[in-house]
There are 2 protein chains.
Amino acid sequence: MGLVVQKFGGTSVADIEKIRNVANRVIRTATAGNRVVVVLSAMAGITDSLINLANQAAEDPDGRELDSLLSTGEQTTVALLAMMLTDMGYKARSLLGFQAGIRTNAAATKARIISIDAEKIRTLLAGGYIVVVAGFQGIDDDGNITTLGRGGSDTSAVALAAAIKADVCEIYTDVDGVYTTDPSICEKARKLSRISYDEMLEMASLGAKVLQIRSVEFAKKYNVPVHVRTSFGEEEGTMVLQEDTGMEELVISGVTCSKGEARITFKKVADVPGVASEIFGPIAEARILVDMIIQNTRAGGQTDLTFTVPRGDYKKALAIAQETGKAIGAEEVMGAENLAKVSIIGVGMKNHSGVASTMFSTLAAEGINIQMISTSEIRISCVVEEKYAELAVRVLHTAFGLDKKE
Amino acid sequence: MGLVVQKFGGTSVADIEKIRNVANRVIRTATAGNRVVVVLSAMAGITDSLINLANQAAEDPDGRELDSLLSTGEQTTVALLAMMLTDMGYKARSLLGFQAGIRTNAAATKARIISIDAEKIRTLLAGGYIVVVAGFQGIDDDGNITTLGRGGSDTSAVALAAAIKADVCEIYTDVDGVYTTDPSICEKARKLSRISYDEMLEMASLGAKVLQIRSVEFAKKYNVPVHVRTSFGEEEGTMVLQEDTGMEELVISGVTCSKGEARITFKKVADVPGVASEIFGPIAEARILVDMIIQNTRAGGQTDLTFTVPRGDYKKALAIAQETGKAIGAEEVMGAENLAKVSIIGVGMKNHSGVASTMFSTLAAEGINIQMISTSEIRISCVVEEKYAELAVRVLHTAFGLDKKE
């Protein structure tokens, strides 16, 4: 007996038969005595088809028009589910973003939810309706349809759950929960029954693509319990919760790995104020995202500076850096591709010493050289040669006791 | 230098290349110094595909949800055209029904436009924008998306033209105008340069499917000049106007023919009050549309009563009629299929005598027997055997001087 938001992604509504599975699940939840708000994505592949169509229509499609076009994807699935539920004898009503009161800023194609006026949803729920809301979309102050960017439906679901004070926001997806690491890399990966918002944020930003990162930020901000689970079975998935709500007693919750990193190093540049901005200004202007930055001071007022960029931007970044290198009198500007970033994540490391040294010695024991290190309160990341990425994940997974029981 | 509404149907926006043709035409109109509001249909075939999808989702799709689903068709084309125009360097903005202020009643799938708040369109036009409005759709007082039914985009265009007091509403279609008759039946058919609203209404309701009938009613009510023309060329089409604005000096403007009629006759029923309602009540309850009704009084307080129904409803109507016949003591209830209705239409017949007798004698000269006759102020219709339909059209076309010059 509760108030539940259930979000289904593109693979869960890919065709009429899959939508029927969604309908059946929603009905089970409703007939168990819950009030249900359903949030849907577009059918898998549809958003890409629409973008493709837009690219045929315009070299650089106008963002406002693109949003109006893309929003048809979710409009289609919510209407189909609502008419299906109605046809099966249940009271159901679909709501588009603007009808559901989802107000966003005016940033086309990557809008942010500003507020939700959930009056209409509350009225429908009170009237016994299953409410089916189009994810990914909202409306700005000028009445333009906006979209929230890739994965935005997760954010819609969590924001709606916050607005109506739902007991839980269930995210149905094609995986059955959040794993300690990528099971395709490490077969001993196991599903976590609980994980904290902060850990989930680190996992999401490091490449575990289960939940859209903004939806986790939203969940954390409004303390919405999120249940990530499979849409193809009944088993429980992973609860994403506040850290103090009885987490498992793990020091480390997960190991992640992000390939496709590249590194650029400035050798022997003058260690004076302003050098960093001379180096990173042109990189930022080229809209290249810099991740890790490390600076080693040498003797004689000189320093080495190294940073990582996505591999796709490597060539461009290197060319820019070499120009800058000449201008600021660096001895050499060199780079390396084929790097990966391996991270361990866990709120437990706040209260446990020795986590870092365990990580370093574990990698060293396998002969894996650590090229760069960065840390946060709940994460330690090491840049290693890409060929060692999977091995590093597996040995760390074992070293921190994450392997599933045989 | 004017204010022009241009409406393009589904075949004119069937793919990106066709939409590009539309863009070029709109730009020509705009650069000639006109302010332009464009109204689009969905891509040809899309509405049917969506209906098909709905029928897979539900045996009897909920009308409100169906409307939300169907409205994605026009949402797609207006976004594509607007982004194309913007990409070509013109200021353009798409508006969905609700954004364009098109308010309708709540009759899902066949809503009627109640009012248009054209403030937003006026503001955009004043700002130099080409405004691209989704046809076929509006919003009701509860914020539900509604659609206007088949051909509704014509009605959207004419209603918008009335609301913004446009100089002309151009309806671009796959035919190049309104013809004196169906050119596939009569090769001597010729394009009319002008036709009155009333004639167009009779033409439309009798099977000349160029303009949606409700759009003509709207045009007449608000005196909107409508220009029906081809989207595949530059030539002028047919102006639909008020009757007093310099029409051609024709007695008859067109000959139409509607096949697929059937007839049911009650023989010798009592000629007393209430008989007609006993006959037509059950027919109406079965939602069968009765067209022509003729009653001949016989001697002895008895009468014969004949009416026509669409052929698809013939069997059902005959069964109902035979039940009624027993109940009211008719001597016999009989019917006939394979009938057609041939009509001549023209405001000129108001001021010319002898039109009816010319029609009857022309048909008689070809040995075509007239089974029923009905008339309005500007129309005479005769029911004949279907096999004579084309012949009747051709001889009447010649008899009333409509044949094009060789």
# chains A, B, ... in the order shown; residues from 1 in each chain; ligands from 1
>>> residues_around(residues="B:Ile345", least_positions_apart="3", cutoff="7 Å", atoms="only C-alpha atoms", output="list in words")
Glu199, Glu202, Ile252, Ser253, Gly254, Val255, Ile378, Arg379 and Ile380 of chain B
>>> write_last_selection(atoms="C-alpha atoms", output="PDB file, in the first residue's frame")
ATOM      1  CA  GLU B 199     -21.050  25.145 -54.864  1.00  0.00           C
ATOM      2  CA  GLU B 202     -22.153  20.627 -52.651  1.00  0.00           C
ATOM      3  CA  ILE B 252     -23.737  24.835 -63.878  1.00  0.00           C
ATOM      4  CA  SER B 253     -20.251  24.655 -62.328  1.00  0.00           C
ATOM      5  CA  GLY B 254     -19.863  20.964 -61.914  1.00  0.00           C
ATOM      6  CA  VAL B 255     -21.177  17.471 -62.307  1.00  0.00           C
ATOM      7  CA  ILE B 378     -28.138  25.002 -56.280  1.00  0.00           C
ATOM      8  CA  ARG B 379     -28.167  21.261 -56.944  1.00  0.00           C
ATOM      9  CA  ILE B 380     -30.208  18.585 -58.689  1.00  0.00           C
TER      10      ILE B 380
END
>>> closest_atom_pairs(of="chain A", to="chain B", cutoff="10 Å", atoms="only C-alpha atoms", output="JSON lines")
{"residue": "A:Asp15", "atom": "CA", "partner": "B:Leu53", "partner_atom": "CA", "distance": 9.6}
{"residue": "A:Ile16", "atom": "CA", "partner": "B:Ala57", "partner_atom": "CA", "distance": 6.3}
{"residue": "A:Glu17", "atom": "CA", "partner": "B:Ala57", "partner_atom": "CA", "distance": 8.6}
{"residue": "A:Ile19", "atom": "CA", "partner": "B:Ala57", "partner_atom": "CA", "distance": 8.4}
{"residue": "A:Arg20", "atom": "CA", "partner": "B:Ala57", "partner_atom": "CA", "distance": 7.9}
{"residue": "A:Leu50", "atom": "CA", "partner": "B:Thr76", "partner_atom": "CA", "distance": 8.8}
{"residue": "A:Leu53", "atom": "CA", "partner": "B:Ile16", "partner_atom": "CA", "distance": 7.9}
{"residue": "A:Ala54", "atom": "CA", "partner": "B:Leu80", "partner_atom": "CA", "distance": 6.4}
{"residue": "A:Asn55", "atom": "CA", "partner": "B:Leu80", "partner_atom": "CA", "distance": 9.5}
{"residue": "A:Gln56", "atom": "CA", "partner": "B:Ile16", "partner_atom": "CA", "distance": 7.0}
{"residue": "A:Ala57", "atom": "CA", "partner": "B:Met84", "partner_atom": "CA", "distance": 5.3}
{"residue": "A:Ala58", "atom": "CA", "partner": "B:Met84", "partner_atom": "CA", "distance": 5.1}
{"residue": "A:Glu59", "atom": "CA", "partner": "B:Asp87", "partner_atom": "CA", "distance": 6.7}
{"residue": "A:Asp60", "atom": "CA", "partner": "B:Asp87", "partner_atom": "CA", "distance": 6.6}
{"residue": "A:Pro61", "atom": "CA", "partner": "B:Met83", "partner_atom": "CA", "distance": 5.5}
{"residue": "A:Asp62", "atom": "CA", "partner": "B:Met83", "partner_atom": "CA", "distance": 5.3}
{"residue": "A:Gly63", "atom": "CA", "partner": "B:Met83", "partner_atom": "CA", "distance": 8.4}
{"residue": "A:Arg64", "atom": "CA", "partner": "B:Met83", "partner_atom": "CA", "distance": 8.5}
{"residue": "A:Glu65", "atom": "CA", "partner": "B:Ala79", "partner_atom": "CA", "distance": 5.0}
{"residue": "A:Leu66", "atom": "CA", "partner": "B:Ala79", "partner_atom": "CA", "distance": 6.8}
{"residue": "A:Asp67", "atom": "CA", "partner": "B:Ala79", "partner_atom": "CA", "distance": 8.6}
{"residue": "A:Ser68", "atom": "CA", "partner": "B:Ala79", "partner_atom": "CA", "distance": 6.3}
{"residue": "A:Leu69", "atom": "CA", "partner": "B:Thr76", "partner_atom": "CA", "distance": 5.3}
{"residue": "A:Leu70", "atom": "CA", "partner": "B:Thr76", "partner_atom": "CA", "distance": 8.4}
{"residue": "A:Ser71", "atom": "CA", "partner": "B:Thr72", "partner_atom": "CA", "distance": 8.7}
{"residue": "A:Thr72", "atom": "CA", "partner": "B:Thr72", "partner_atom": "CA", "distance": 5.4}
{"residue": "A:Gly73", "atom": "CA", "partner": "B:Thr72", "partner_atom": "CA", "distance": 8.4}
{"residue": "A:Glu74", "atom": "CA", "partner": "B:Leu69", "partner_atom": "CA", "distance": 9.8}
{"residue": "A:Gln75", "atom": "CA", "partner": "B:Leu69", "partner_atom": "CA", "distance": 6.5}
{"residue": "A:Thr76", "atom": "CA", "partner": "B:Leu69", "partner_atom": "CA", "distance": 5.3}
{"residue": "A:Thr77", "atom": "CA", "partner": "B:Leu69", "partner_atom": "CA", "distance": 8.3}
{"residue": "A:Val78", "atom": "CA", "partner": "B:Glu65", "partner_atom": "CA", "distance": 8.5}
{"residue": "A:Ala79", "atom": "CA", "partner": "B:Glu65", "partner_atom": "CA", "distance": 5.0}
{"residue": "A:Leu80", "atom": "CA", "partner": "B:Ala57", "partner_atom": "CA", "distance": 6.1}
{"residue": "A:Leu81", "atom": "CA", "partner": "B:Ala57", "partner_atom": "CA", "distance": 7.5}
{"residue": "A:Ala82", "atom": "CA", "partner": "B:Glu65", "partner_atom": "CA", "distance": 6.7}
{"residue": "A:Met83", "atom": "CA", "partner": "B:Asp62", "partner_atom": "CA", "distance": 5.4}
{"residue": "A:Met84", "atom": "CA", "partner": "B:Ala58", "partner_atom": "CA", "distance": 5.1}
{"residue": "A:Leu85", "atom": "CA", "partner": "B:Ala58", "partner_atom": "CA", "distance": 8.4}
{"residue": "A:Thr86", "atom": "CA", "partner": "B:Asp62", "partner_atom": "CA", "distance": 6.9}
{"residue": "A:Asp87", "atom": "CA", "partner": "B:Ala58", "partner_atom": "CA", "distance": 5.6}
{"residue": "A:Met88", "atom": "CA", "partner": "B:Ala58", "partner_atom": "CA", "distance": 8.0}
{"residue": "A:Ala92", "atom": "CA", "partner": "B:Glu65", "partner_atom": "CA", "distance": 9.7}
{"residue": "A:Arg93", "atom": "CA", "partner": "B:Glu65", "partner_atom": "CA", "distance": 7.6}
{"residue": "A:Ser94", "atom": "CA", "partner": "B:Glu65", "partner_atom": "CA", "distance": 7.0}
{"residue": "A:Leu95", "atom": "CA", "partner": "B:Asn144", "partner_atom": "CA", "distance": 8.7}
{"residue": "A:Leu96", "atom": "CA", "partner": "B:Ser68", "partner_atom": "CA", "distance": 8.8}
{"residue": "A:Phe98", "atom": "CA", "partner": "B:Gly143", "partner_atom": "CA", "distance": 9.3}
{"residue": "A:Gln99", "atom": "CA", "partner": "B:Gly143", "partner_atom": "CA", "distance": 6.9}
{"residue": "A:Asp142", "atom": "CA", "partner": "B:Gln99", "partner_atom": "CA", "distance": 9.6}
{"residue": "A:Gly143", "atom": "CA", "partner": "B:Gln99", "partner_atom": "CA", "distance": 6.8}
{"residue": "A:Asn144", "atom": "CA", "partner": "B:Gln99", "partner_atom": "CA", "distance": 8.0}
{"residue": "A:Ile145", "atom": "CA", "partner": "B:Gln99", "partner_atom": "CA", "distance": 9.6}
>>> residues_around(residues="A:Leu318", least_positions_apart="3", cutoff="8 Å", atoms="only C-alpha atoms", output="ChimeraX atom specification")
/A:264,314-315,321-322,334-335
>>> write_last_selection(atoms="all heavy atoms", output="JSON list (two decimals), in the first residue's frame")
[["chain", "number", "residue", "atom", "x", "y", "z"],
["A", 264, "ILE", "N", 48.35, 13.84, -21.83],
["A", 264, "ILE", "CA", 49.26, 14.82, -22.43],
["A", 264, "ILE", "C", 50.15, 15.38, -21.32],
["A", 264, "ILE", "O", 49.65, 15.73, -20.25],
["A", 264, "ILE", "CB", 48.47, 15.93, -23.14],
["A", 264, "ILE", "CG1", 47.80, 15.35, -24.40],
["A", 264, "ILE", "CG2", 49.39, 17.09, -23.52],
["A", 264, "ILE", "CD1", 46.84, 16.27, -25.07],
["A", 314, "TYR", "N", 42.05, 13.38, -28.38],
["A", 314, "TYR", "CA", 43.49, 13.37, -28.12],
["A", 314, "TYR", "C", 44.28, 14.15, -29.18],
["A", 314, "TYR", "O", 45.07, 15.03, -28.86],
["A", 314, "TYR", "CB", 43.99, 11.92, -28.04],
["A", 314, "TYR", "CG", 45.48, 11.79, -27.95],
["A", 314, "TYR", "CD1", 46.18, 12.28, -26.84],
["A", 314, "TYR", "CD2", 46.22, 11.21, -28.98],
["A", 314, "TYR", "CE1", 47.56, 12.16, -26.76],
["A", 314, "TYR", "CE2", 47.60, 11.09, -28.91],
["A", 314, "TYR", "CZ", 48.27, 11.58, -27.80],
["A", 314, "TYR", "OH", 49.62, 11.47, -27.72],
["A", 315, "LYS", "N", 44.05, 13.84, -30.45],
["A", 315, "LYS", "CA", 44.84, 14.47, -31.52],
["A", 315, "LYS", "C", 44.68, 15.98, -31.50],
["A", 315, "LYS", "O", 45.65, 16.73, -31.60],
["A", 315, "LYS", "CB", 44.41, 13.91, -32.89],
["A", 315, "LYS", "CG", 44.90, 12.49, -33.13],
["A", 315, "LYS", "CD", 45.27, 12.29, -34.60],
["A", 315, "LYS", "CE", 45.96, 10.95, -34.81],
["A", 315, "LYS", "NZ", 45.01, 9.81, -34.68],
["A", 321, "ALA", "N", 48.12, 21.63, -27.52],
["A", 321, "ALA", "CA", 49.11, 21.65, -26.44],
["A", 321, "ALA", "C", 50.50, 21.95, -26.99],
["A", 321, "ALA", "O", 51.30, 22.66, -26.36],
["A", 321, "ALA", "CB", 49.09, 20.31, -25.70],
["A", 322, "GLN", "N", 50.79, 21.41, -28.18],
["A", 322, "GLN", "CA", 52.12, 21.64, -28.75],
["A", 322, "GLN", "C", 52.32, 23.11, -29.12],
["A", 322, "GLN", "O", 53.39, 23.68, -28.93],
["A", 322, "GLN", "CB", 52.36, 20.70, -29.93],
["A", 322, "GLN", "CG", 52.75, 19.30, -29.42],
["A", 322, "GLN", "CD", 52.73, 18.22, -30.48],
["A", 322, "GLN", "OE1", 52.03, 18.35, -31.48],
["A", 322, "GLN", "NE2", 53.46, 17.14, -30.24],
["A", 334, "MET", "N", 54.48, 15.93, -24.79],
["A", 334, "MET", "CA", 54.35, 14.58, -25.29],
["A", 334, "MET", "C", 53.01, 14.00, -24.82],
["A", 334, "MET", "O", 52.34, 14.56, -23.95],
["A", 334, "MET", "CB", 55.48, 13.71, -24.76],
["A", 334, "MET", "CG", 55.68, 13.86, -23.26],
["A", 334, "MET", "SD", 57.32, 13.35, -22.73],
["A", 334, "MET", "CE", 57.06, 11.58, -22.63],
["A", 335, "GLY", "N", 52.63, 12.89, -25.42],
["A", 335, "GLY", "CA", 51.34, 12.31, -25.03],
["A", 335, "GLY", "C", 51.34, 10.81, -25.13],
["A", 335, "GLY", "O", 52.29, 10.21, -25.61]]
>>> residues_around(residues="stretch 159-163 of chain B", least_positions_apart="6", cutoff="10 Å", atoms="only C-alpha atoms", output="number ranges by chain")
B: 3-6, 37-39, 100-102, 113-119, 121, 133, 135, 153, 169-170, 215, 218-219, 221-226
>>> atom_distance(atom1="atom CA of A:Met292", atom2="atom CA of A:Phe307")
5.4 Å
>>> residues_around(residues="stretch 9-14 of chain B", least_positions_apart="6", cutoff="12 Å", atoms="only C-alpha atoms", output="PyMOL selection string")
(chain A and resi 57) or (chain B and resi 20-23+25+38-48+73-74+76-81+134-136+150-157+170-175+210-212+228-233)
>>> atom_distance(atom1="atom CA of B:Ser49", atom2="atom CA of B:Gly312")
24.1 Å
>>> closest_residue(among="A:Val251, A:Val178, A:Ala32, A:Ala336", to="A:Glu385", atoms="only C-alpha atoms")
A:Ala336
>>> atom_distance(atom1="atom CA of A:Tyr388", atom2="atom CA of A:Ile185")
11.7 Å
